file target_31.cif (mmCIF, C-alpha atoms and all ligand atoms)
data_run
loop_
_atom_site.label_atom_id
_atom_site.label_comp_id
_atom_site.auth_asym_id
_atom_site.auth_seq_id
_atom_site.Cartn_x
_atom_site.Cartn_y
_atom_site.Cartn_z
CA MET W 1 105.70 -31.05 -105.87
CA ASN W 2 102.22 -29.55 -105.80
CA GLN W 3 102.39 -28.76 -109.54
CA PHE W 4 100.95 -25.24 -109.31
CA LYS W 5 100.48 -24.13 -112.92
CA ILE W 6 98.98 -21.04 -114.54
CA ASP W 7 97.51 -21.03 -118.04
CA GLU W 8 98.68 -17.55 -119.06
CA THR W 9 96.27 -17.53 -122.01
CA ARG W 10 93.39 -17.65 -119.51
CA CYS W 11 94.77 -15.79 -116.46
CA ILE W 12 93.33 -12.26 -116.09
CA GLN W 13 95.80 -11.43 -113.28
CA CYS W 14 92.99 -10.66 -110.82
CA GLY W 15 95.03 -12.01 -107.90
CA GLU W 16 92.08 -13.89 -106.36
CA CYS W 17 94.14 -17.09 -106.02
CA ALA W 18 96.81 -15.27 -104.03
CA THR W 19 94.29 -13.37 -101.86
CA ASP W 20 92.21 -16.45 -101.05
CA CYS W 21 95.09 -18.86 -100.34
CA PRO W 22 94.66 -19.74 -96.62
CA ALA W 23 98.33 -20.67 -96.28
CA GLY W 24 99.48 -17.46 -97.98
CA VAL W 25 101.84 -19.31 -100.29
CA ILE W 26 100.82 -17.70 -103.60
CA ALA W 27 102.17 -14.30 -104.63
CA MET W 28 101.34 -12.09 -107.59
CA GLN W 29 104.18 -11.25 -109.91
CA ASP W 30 103.09 -10.69 -113.52
CA TYR W 31 101.20 -13.92 -112.96
CA PRO W 32 100.59 -15.86 -109.73
CA VAL W 33 103.53 -17.90 -108.43
CA MET W 34 103.85 -20.53 -105.70
CA THR W 35 106.25 -19.21 -103.06
CA ASP W 36 106.32 -22.11 -100.57
CA GLU W 37 105.43 -25.59 -101.77
CA GLU W 38 105.92 -27.06 -98.28
CA GLY W 39 103.47 -24.56 -96.78
CA CYS W 40 100.69 -25.43 -99.26
CA ILE W 41 97.87 -27.35 -97.51
CA ARG W 42 96.53 -28.76 -100.83
CA CYS W 43 93.05 -27.29 -100.34
CA GLN W 44 92.72 -26.28 -104.02
CA HIS W 45 91.16 -22.91 -103.15
CA CYS W 46 93.33 -21.41 -105.91
CA LEU W 47 91.76 -23.73 -108.49
CA ALA W 48 88.25 -23.18 -107.11
CA VAL W 49 88.37 -19.38 -106.87
CA CYS W 50 89.88 -18.65 -110.30
CA PRO W 51 87.13 -17.04 -112.44
CA THR W 52 88.71 -18.16 -115.72
CA ALA W 53 89.85 -21.71 -114.84
CA ALA W 54 93.47 -20.69 -115.35
CA VAL W 55 94.85 -22.41 -112.24
CA SER W 56 95.84 -26.04 -112.04
CA ILE W 57 97.32 -27.59 -108.89
CA LEU W 58 98.10 -31.18 -107.86
CA ASP W 59 97.79 -32.06 -111.55
CA ARG W 60 94.04 -31.30 -111.48
CA ASP W 61 92.39 -29.96 -114.65
CA PRO W 62 90.06 -27.07 -113.60
CA ASP W 63 87.74 -27.90 -116.49
CA MET W 64 86.98 -31.23 -114.80
CA SER W 65 85.48 -29.49 -111.74
CA ILE W 66 81.70 -29.06 -111.40
CA PHE W 67 80.84 -25.46 -112.25
CA LEU W 68 79.03 -23.97 -109.24
CA LYS W 69 76.77 -21.37 -110.83
CA GLY W 70 73.37 -22.93 -111.58
CA ASN W 71 74.32 -26.28 -110.02
CA LEU W 72 73.72 -25.68 -106.32
CA PRO W 73 70.51 -26.89 -104.62
CA GLY W 74 68.12 -24.12 -103.59
CA PRO W 75 67.03 -23.34 -100.01
CA LEU W 76 63.86 -25.42 -100.26
CA GLN W 77 65.79 -28.46 -101.51
CA MET W 78 68.35 -28.07 -98.71
CA ALA W 79 65.63 -27.71 -96.05
CA ALA W 80 63.74 -30.72 -97.46
CA LEU W 81 66.91 -32.81 -97.33
CA ILE W 82 67.90 -31.82 -93.79
CA LYS W 83 64.39 -31.90 -92.29
CA GLY W 84 63.28 -34.87 -94.43
CA ARG W 85 66.27 -37.13 -93.65
CA ARG W 86 64.97 -39.99 -91.53
CA SER W 87 66.56 -42.85 -89.64
CA VAL W 88 65.61 -45.83 -91.78
CA ARG W 89 65.07 -49.14 -90.03
CA ARG W 90 63.47 -51.12 -92.91
CA TYR W 91 65.52 -52.17 -95.93
CA GLN W 92 65.14 -54.05 -99.20
CA GLU W 93 67.06 -57.30 -99.53
CA ALA W 94 69.31 -55.98 -102.27
CA ASN W 95 72.69 -54.34 -102.68
CA VAL W 96 72.95 -50.68 -103.63
CA PRO W 97 74.25 -50.58 -107.24
CA ALA W 98 78.05 -50.57 -107.11
CA ASP W 99 78.48 -47.48 -109.29
CA LEU W 100 76.12 -45.46 -107.08
CA LEU W 101 78.00 -46.62 -104.00
CA ASP W 102 81.34 -45.59 -105.56
CA GLU W 103 79.94 -42.19 -106.49
CA LEU W 104 78.58 -41.55 -102.98
CA LEU W 105 81.84 -42.50 -101.30
CA GLU W 106 83.90 -40.42 -103.69
CA THR W 107 81.72 -37.35 -103.20
CA ALA W 108 81.33 -37.71 -99.42
CA TRP W 109 85.11 -37.95 -99.09
CA HIS W 110 85.19 -34.27 -100.13
CA ALA W 111 83.97 -33.38 -96.61
CA PRO W 112 86.29 -30.91 -94.89
CA THR W 113 89.06 -32.07 -92.53
CA GLY W 114 91.06 -30.06 -90.00
CA VAL W 115 94.15 -28.50 -91.64
CA ASN W 116 92.97 -30.31 -94.79
CA ASN W 117 94.45 -33.51 -93.40
CA GLN W 118 92.30 -35.74 -95.66
CA GLY W 119 93.10 -38.75 -93.50
CA VAL W 120 89.56 -40.13 -93.17
CA LEU W 121 89.21 -43.79 -94.09
CA PHE W 122 85.87 -45.21 -95.23
CA THR W 123 85.60 -48.84 -94.16
CA VAL W 124 82.66 -50.19 -96.12
CA VAL W 125 80.68 -53.40 -96.42
CA ARG W 126 79.74 -53.42 -100.09
CA ASP W 127 77.93 -56.73 -100.23
CA ARG W 128 74.97 -57.74 -98.10
CA THR W 129 76.24 -61.32 -97.73
CA VAL W 130 79.31 -59.90 -95.96
CA LEU W 131 77.11 -57.92 -93.59
CA ALA W 132 74.99 -61.04 -93.03
CA SER W 133 78.06 -62.94 -91.81
CA LEU W 134 79.19 -59.98 -89.67
CA ARG W 135 75.66 -59.93 -88.19
CA GLN W 136 76.01 -63.60 -87.23
CA GLU W 137 79.49 -63.01 -85.85
CA VAL W 138 78.55 -60.05 -83.65
CA HIS W 139 75.46 -61.76 -82.29
CA ALA W 140 77.54 -64.88 -81.52
CA ARG W 141 80.18 -62.78 -79.74
CA VAL W 142 77.55 -60.95 -77.68
CA GLU W 143 75.87 -64.25 -76.83
CA LYS W 144 79.15 -65.79 -75.65
CA LEU W 145 79.97 -62.75 -73.54
CA ALA W 146 76.47 -62.71 -72.03
CA ALA W 147 76.68 -66.44 -71.22
CA ALA W 148 79.96 -65.80 -69.41
CA GLY W 149 78.33 -62.98 -67.46
CA GLY W 150 80.63 -60.48 -69.17
CA LEU W 151 78.12 -57.90 -70.41
CA PRO W 152 78.83 -54.59 -68.69
CA GLU W 153 76.42 -53.00 -66.22
CA GLY W 154 74.39 -50.03 -67.38
CA MET W 155 73.12 -48.89 -70.75
CA VAL W 156 75.49 -50.90 -72.96
CA GLY W 157 74.71 -54.19 -71.21
CA ARG W 158 70.98 -53.46 -71.21
CA TYR W 159 70.86 -52.58 -74.91
CA LEU W 160 72.98 -55.53 -76.00
CA SER W 161 70.81 -57.92 -73.96
CA LEU W 162 67.78 -56.59 -75.81
CA VAL W 163 69.59 -56.96 -79.15
CA LEU W 164 70.42 -60.55 -78.31
CA SER W 165 66.92 -61.56 -77.19
CA ALA W 166 65.32 -59.91 -80.25
CA TRP W 167 67.69 -61.86 -82.50
CA LYS W 168 67.29 -65.19 -80.74
CA GLU W 169 63.54 -65.03 -80.28
CA SER W 170 62.47 -63.72 -83.69
CA GLU W 171 65.58 -63.00 -85.83
CA ASN W 172 64.71 -59.33 -85.36
CA ASP W 173 67.95 -57.54 -86.30
CA VAL W 174 68.20 -54.56 -83.97
CA LEU W 175 71.97 -54.51 -84.55
CA PHE W 176 71.92 -53.61 -88.26
CA ARG W 177 68.14 -53.25 -88.82
CA GLY W 178 68.30 -55.62 -91.77
CA ALA W 179 70.41 -53.17 -93.79
CA PRO W 180 72.67 -54.53 -96.54
CA HIS W 181 75.63 -52.16 -96.06
CA LEU W 182 77.79 -50.72 -93.31
CA LEU W 183 80.08 -47.69 -93.38
CA ILE W 184 82.56 -46.89 -90.60
CA THR W 185 84.66 -43.75 -90.58
CA SER W 186 88.04 -43.55 -88.92
CA SER W 187 91.00 -41.20 -89.01
CA PRO W 188 94.65 -41.36 -87.93
CA ALA W 189 94.93 -40.49 -84.22
CA SER W 190 97.78 -38.15 -85.18
CA ALA W 191 95.54 -35.99 -87.42
CA PRO W 192 94.73 -32.52 -86.04
CA CYS W 193 90.99 -33.30 -85.63
CA PRO W 194 90.57 -37.06 -86.10
CA VAL W 195 87.18 -37.66 -84.47
CA GLN W 196 85.62 -34.49 -85.84
CA ASP W 197 86.85 -35.31 -89.36
CA ALA W 198 85.35 -38.80 -89.15
CA HIS W 199 81.98 -37.49 -87.91
CA ILE W 200 81.78 -34.78 -90.54
CA ALA W 201 82.53 -37.28 -93.31
CA LEU W 202 79.79 -39.62 -92.09
CA ALA W 203 77.26 -36.79 -91.71
CA THR W 204 78.08 -35.73 -95.26
CA PHE W 205 77.58 -39.28 -96.52
CA ASP W 206 74.27 -39.46 -94.61
CA LEU W 207 72.72 -36.47 -96.36
CA LEU W 208 74.20 -37.36 -99.72
CA ALA W 209 72.90 -40.93 -99.59
CA GLN W 210 69.43 -39.76 -98.58
CA SER W 211 69.42 -37.21 -101.40
CA ARG W 212 69.83 -40.20 -103.74
CA GLY W 213 66.88 -42.10 -102.26
CA LEU W 214 68.85 -44.38 -99.94
CA GLY W 215 68.03 -45.08 -96.32
CA THR W 216 70.68 -44.57 -93.62
CA LEU W 217 70.94 -45.13 -89.88
CA TRP W 218 73.58 -43.98 -87.41
CA ASP W 219 74.36 -47.24 -85.65
CA GLY W 220 74.99 -46.65 -81.95
CA ILE W 221 74.16 -50.26 -81.11
CA PHE W 222 76.94 -51.54 -83.36
CA MET W 223 79.28 -48.93 -81.84
CA MET W 224 78.52 -50.41 -78.42
CA ALA W 225 79.46 -53.89 -79.68
CA LEU W 226 82.60 -52.51 -81.33
CA GLY W 227 83.58 -50.98 -77.99
CA LEU W 228 83.27 -54.37 -76.28
CA PHE W 229 85.33 -56.28 -78.85
CA PRO W 230 88.36 -54.16 -79.77
CA ASP W 231 89.83 -56.98 -81.91
CA LEU W 232 86.77 -56.65 -84.17
CA THR W 233 88.00 -53.20 -85.24
CA ARG W 234 91.28 -54.76 -86.45
CA ARG W 235 89.39 -57.68 -88.02
CA LEU W 236 87.42 -55.17 -90.10
CA GLY W 237 90.72 -53.80 -91.40
CA ILE W 238 90.67 -50.47 -89.57
CA PRO W 239 94.32 -49.51 -89.00
CA GLU W 240 95.67 -49.71 -85.48
CA ASP W 241 96.71 -46.07 -85.44
CA HIS W 242 93.16 -44.90 -86.31
CA LEU W 243 90.41 -43.58 -84.07
CA VAL W 244 86.96 -44.79 -85.06
CA GLY W 245 84.43 -42.04 -85.66
CA TYR W 246 81.08 -43.74 -86.05
CA ALA W 247 79.20 -46.45 -87.92
CA MET W 248 76.23 -46.13 -90.27
CA VAL W 249 74.13 -48.77 -91.99
CA PHE W 250 72.48 -47.95 -95.29
CA GLY W 251 70.71 -49.41 -98.30
CA LEU W 252 67.65 -49.24 -100.51
CA PRO W 253 64.78 -48.43 -98.15
CA ALA W 254 61.65 -50.53 -97.72
CA VAL W 255 59.80 -47.51 -96.32
CA GLN W 256 58.92 -44.14 -97.81
CA TYR W 257 58.43 -40.91 -95.86
CA HIS W 258 56.20 -38.28 -97.40
CA ARG W 259 56.89 -35.16 -95.40
CA THR W 260 59.43 -33.55 -93.11
CA VAL W 261 59.10 -33.68 -89.32
CA GLN W 262 58.64 -30.39 -87.47
CA ARG W 263 61.15 -29.89 -84.69
CA GLY W 264 62.27 -26.81 -82.91
CA PRO W 265 62.37 -23.99 -82.32
CA ALA W 266 66.15 -24.45 -82.31
CA ARG W 267 67.82 -24.07 -78.93
CA LEU W 268 69.77 -20.86 -79.08
CA ASN W 269 72.13 -19.11 -76.72
CA VAL W 270 72.66 -15.65 -78.12
CA VAL W 271 75.93 -14.09 -77.03
CA LYS W 272 75.70 -10.37 -76.26
C1 LIG U 301 74.75 -40.96 -82.85
C2 LIG U 301 73.45 -41.67 -83.14
C3 LIG U 301 73.33 -43.02 -82.85
C4 LIG U 301 72.15 -43.70 -83.15
N1 LIG U 301 72.05 -45.04 -82.92
C5 LIG U 301 70.92 -45.70 -83.26
C6 LIG U 301 70.84 -47.12 -83.15
O1 LIG U 301 71.77 -47.79 -82.73
N2 LIG U 301 69.68 -47.75 -83.51
C7 LIG U 301 68.60 -47.04 -83.98
O2 LIG U 301 67.58 -47.65 -84.30
N3 LIG U 301 68.66 -45.68 -84.13
C8 LIG U 301 69.79 -45.01 -83.80
N4 LIG U 301 69.87 -43.65 -83.98
C9 LIG U 301 68.74 -42.94 -84.57
C10 LIG U 301 68.01 -42.00 -83.59
O3 LIG U 301 67.20 -42.74 -82.74
C11 LIG U 301 67.20 -41.01 -84.46
O4 LIG U 301 68.09 -40.15 -85.11
C12 LIG U 301 66.19 -40.20 -83.69
O5 LIG U 301 65.19 -41.03 -83.13
C13 LIG U 301 65.47 -39.19 -84.59
O6 LIG U 301 64.87 -39.80 -85.73
P1 LIG U 301 65.28 -39.34 -87.20
O7 LIG U 301 66.76 -39.63 -87.37
O8 LIG U 301 64.43 -40.12 -88.12
O9 LIG U 301 65.05 -37.86 -87.30
C14 LIG U 301 71.04 -42.98 -83.70
C15 LIG U 301 71.19 -41.63 -84.00
C16 LIG U 301 72.37 -40.98 -83.75
C17 LIG U 301 72.52 -39.54 -84.14
#
call {"tool": "encode", "arguments": {"input": "target_31.cif", "output": "structure tokens", "more": "lines below"}}
Ligand SMILES: Cc1cc2nc3c(=O)[nH]c(=O)nc-3n(C[C@H](O)[C@H](O)[C@H](O)COP(=O)(O)O)c2cc1C
result
Amino acid sequence: MNQFKIDETRCIQCGECATDCPAGVIAMQDYPVMTDEEGCIRCQHCLAVCPTAAVSILDRDPDMSIFLKGNLPGPLQMAALIKGRRSVRRYQEANVPADLLDELLETAWHAPTGVNNQGVLFTVVRDRTVLASLRQEVHARVEKLAAAGGLPEGMVGRYLSLVLSAWKESENDVLFRGAPHLLITSSPASAPCPVQDAHIALATFDLLAQSRGLGTLWDGIFMMALGLFPDLTRRLGIPEDHLVGYAMVFGLPAVQYHRTVQRGPARLNVVK
């Protein structure tokens, strides 16, 4: 089932795979053995922790993993990424190269999920002409609703009115900020932590995309529109049994930031 295999020519019998297994389903005999296939949560800690690449699970070749030593970003790089990530609201009129997009999605999908559920779905607009037609569609829907007096009171109605007037008066796209791509995360409602999983995956994509020179923007305005038109979620192909996490637009930026912002100090509540 989970194809737990030990290369006995490499295994040094250190027992790390058994000790680190969060489900406690690996035991040491002469060599490690899987004791409960059903109990395995498929996290691959056994493959990751083995110092000699002797463990294979789920048919994965440990030699195909990225070796961690020497390949992790340093503290300055991490701080620059986190403090230097900006909400980008100006984009080039071009698609992100398809192979870069594939790589980002594949890597971001490694974000952790509760009980290793791995149920997060990335719904992505890969081509800017598709987002252009979605832009038209959402504006048309909002316009129709507004004309019928159906925009809700409060913040959502106020924001969507502004979106509509900006679009009609000057084709100023407050909805997607002129971005070429859209990414929406969702997760099965039955997953242990569906909304958290979806948010973590999108936050991971955000930092990863910015580390590769792309611009990103968490799109609360589009989320408001999505909330008003539930059939749009189905139309975008998001399964009915999924909860939507959040939406993000992204693309090649038409703006460059040169330094980090300086926030803080962080709000702390120290427990004694
Ligand atoms: C959940 C969330 C929703 C957001 N929605 C929008 C949005 O709809 N439109 C927009 O222009 N910016 C949006 N933003 C961007 C915030 O305004 C931005 O993060 C904040 O001003 C700080 O700027 P920075 O991201 O460049 O540090 C959103 C940010 C978050 C975290």
call {"tool": "atom_distance", "arguments": {"input": "target_31.cif", "atom1": "CA of Ala108 (chain W)", "atom2": "CA of Arg177 (chain W)"}}
result
23.0 Å
call {"tool": "atom_distance", "arguments": {"input": "target_31.cif", "atom1": "CA of Val25 (chain W)", "atom2": "CA of Pro194 (chain W)"}}
result
25.4 Å
call {"tool": "closest_residue", "arguments": {"input": "target_31.cif", "among": "W:Gln256, W:Thr52, W:Asn172, W:Asn2", "to": "Arg135 (chain W)", "atoms": "all atoms listed in the file"}}
result
W:Asn172
call {"tool": "residues_around", "arguments": {"input": "target_31.cif", "residues": "region 12-20 of chain W", "least_positions_apart": "4", "cutoff": "8 Å", "atoms": "all atoms listed in the file", "output": "number ranges by chain"}}
result
W: 24-28, 30-32, 45-47, 49-50, 52
call {"tool": "atom_distance", "arguments": {"input": "target_31.cif", "atom1": "CA of Thr35 (chain W)", "atom2": "CA of His110 (chain W)"}}
result
26.1 Å
call {"tool": "residues_near_ligand", "arguments": {"input": "target_31.cif", "ligand": "ligand LIG 301 (chain U)", "cutoff": "7 Å", "atoms": "only C-alpha atoms and all ligand atoms", "output": "list of chain:residue names"}}
result
W:Arg85, W:Arg86, W:Ser87, W:Val88, W:Arg89, W:Val174, W:Leu175, W:Leu217, W:Trp218, W:Asp219, W:Gly220, W:Ile221, W:Phe222
call {"tool": "residues_near_point", "arguments": {"input": "target_31.cif", "point": "(73.1, -44.3, -96.7)", "cutoff": "6 Å", "atoms": "only C-alpha atoms", "output": "NGL selection string"}}
result
:W and (206 or 209 or 214-216 or 250-251)
call {"tool": "residues_near_point", "arguments": {"input": "target_31.cif", "point": "(77.9, -62.5, -83.5)", "cutoff": "12 Å", "atoms": "only C-alpha atoms", "output": "VMD selection string"}}
result
chain W and resid 131 to 146 160 163 to 164 167 to 168 173 175 to 176 222 225 to 226 229 232
call {"tool": "closest_residue", "arguments": {"input": "target_31.cif", "among": "W:Met1, W:Val195, W:Ala23, W:Leu104", "to": "Glu37 (chain W)", "atoms": "only C-alpha atoms"}}
result
W:Met1
call {"tool": "closest_residue", "arguments": {"input": "target_31.cif", "among": "W:Ala203, W:Ala191, W:Cys21, W:Gly150", "to": "Gly39 (chain W)", "atoms": "only C-alpha atoms"}}
result
W:Cys21
call {"tool": "closest_residue", "arguments": {"input": "target_31.cif", "among": "W:Ala247, W:Ala79, W:Val124, W:Met224", "to": "Gly154 (chain W)", "atoms": "all atoms listed in the file"}}
result
W:Met224
call {"tool": "closest_residue", "arguments": {"input": "target_31.cif", "among": "W:Ala254, W:Val33, W:Ala179, W:Ile66", "to": "Arg126 (chain W)", "atoms": "all atoms listed in the file"}}
result
W:Ala179
call {"tool": "closest_residue", "arguments": {"input": "target_31.cif", "among": "W:Met155, W:Leu208, W:Tyr257, W:Pro239", "to": "Leu101 (chain W)", "atoms": "only C-alpha atoms"}}
result
W:Leu208
